[in-house]
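Engineer: So that we are looking at the same thing, I have put the structure below in structure tokens.
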Amino acid sequence: MKGLLKSFAYAFNGLKNAILTERNFRIHMAAIYFVLYFASLYGLTSTQYAVLAIILALIPALELVNTALENTVNMITEKHSDFAKIAKDSAAAAVLVASIGAVGVAISLFSDVEKLLNALNLILSIPHFPILIITAIFWIYFIFFFGEKRDK
């Protein structure tokens with residue numbers, strides 16, 4: 001049991017590190033927050049929520065793999081290497097491909113015009129709009145001013 005708890009602690013340390021040091025990870029977390037906020041107003045079915053959950057978990061997971069690979073490559077070599085560049089660029093491309101796929105999923109899930117207009121009307125109504133503005137300000141601060149500075 002102790003080993004299992006340690007493995008969870010290591011995983012949470014990985015999340016903490018990503019939040020503190022990876023701006024792109026924080027951007028993805030902000031996007032996920034707003035997508036889930038919008039989805040709650042839009043009214044997805046349970047199956048649609050399942051699809052959304054899968055794609056929303058995939059993107060930060062790939063961002064964590066990208067971070068792990070970048071740090072491993074940096075640990076192995078400090079000088080320029082075409083192989084190191086290809087490895088890093090490919091890992092970043094995996095995140096990009098998943099993000100583009102997520103946009104496609106979002107277009108598919110949120111394509112009902114009537115439900116879309118209803119959700120937008122809810123956002124613009126009181127109290128939703130002030131809540132959205134306050135959380136947007138929080139996320140902007142969190143993305144750009146939160147976290148540790150580190151050398152890459």
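FYI, nothing fancy with the structure tokens labels: chains A, B, ... in order, residues from 1 per chain, ligands from 1 as they appear.
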Using only C-alpha atoms, which residues sit within 12 Å of A:Arg26 once same-chain residues fewer than 5 positions away are excluded, as a VMD selection string?
Structural biologist: chain A and resid 15 to 21 31 to 33 59 to 60 63 to 64 138 to 147
Engineer: DSSP on the backbone: what in stretch 18-150 of chain A comes out helix (DSSP H, G or I), as number ranges by chain?
Structural biologist: A: 18-21, 23-42, 46-76, 82-109, 113-124, 128-145
Engineer: Please list as a PyMOL selection string every residue within 8 Å of stretch 119-130 of chain A, counting only C-alpha atoms and excluding residues in the same chain fewer than 2 positions away.
Structural biologist: chain A and resi 38+41-42+115-117+132-134
Engineer: Using N, CA and C atoms, can you export the residues from the last selection as a short mmCIF file (atom, residue, chain, number, x, y, z; two decimals), in the first residue's frame?
Structural biologist:
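So again_31.cif came out as:
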data_model
loop_
_atom_site.label_atom_id
_atom_site.label_comp_id
_atom_site.auth_asym_id
_atom_site.auth_seq_id
_atom_site.Cartn_x
_atom_site.Cartn_y
_atom_site.Cartn_z
N PHE A 38 -18.48 26.05 -20.50
CA PHE A 38 -19.42 26.19 -21.61
C PHE A 38 -20.26 24.92 -21.76
N LEU A 41 -23.24 24.72 -19.56
CA LEU A 41 -24.35 25.57 -19.98
C LEU A 41 -25.01 25.06 -21.27
N TYR A 42 -24.24 24.39 -22.09
CA TYR A 42 -24.71 23.91 -23.38
C TYR A 42 -25.65 22.72 -23.24
N LYS A 115 -28.99 25.17 -29.26
CA LYS A 115 -28.33 24.99 -27.96
C LYS A 115 -27.15 25.94 -27.80
N LEU A 116 -26.46 26.21 -28.90
CA LEU A 116 -25.33 27.14 -28.87
C LEU A 116 -25.79 28.54 -28.51
N LEU A 117 -26.86 29.00 -29.14
CA LEU A 117 -27.39 30.34 -28.84
C LEU A 117 -27.92 30.42 -27.41
N LEU A 132 -17.69 34.80 -15.56
CA LEU A 132 -16.80 34.48 -16.67
C LEU A 132 -15.66 35.50 -16.78
N ILE A 133 -15.97 36.77 -16.63
CA ILE A 133 -14.95 37.82 -16.69
C ILE A 133 -13.93 37.65 -15.55
N ILE A 134 -14.42 37.43 -14.34
CA ILE A 134 -13.53 37.26 -13.19
C ILE A 134 -12.63 36.04 -13.38
#
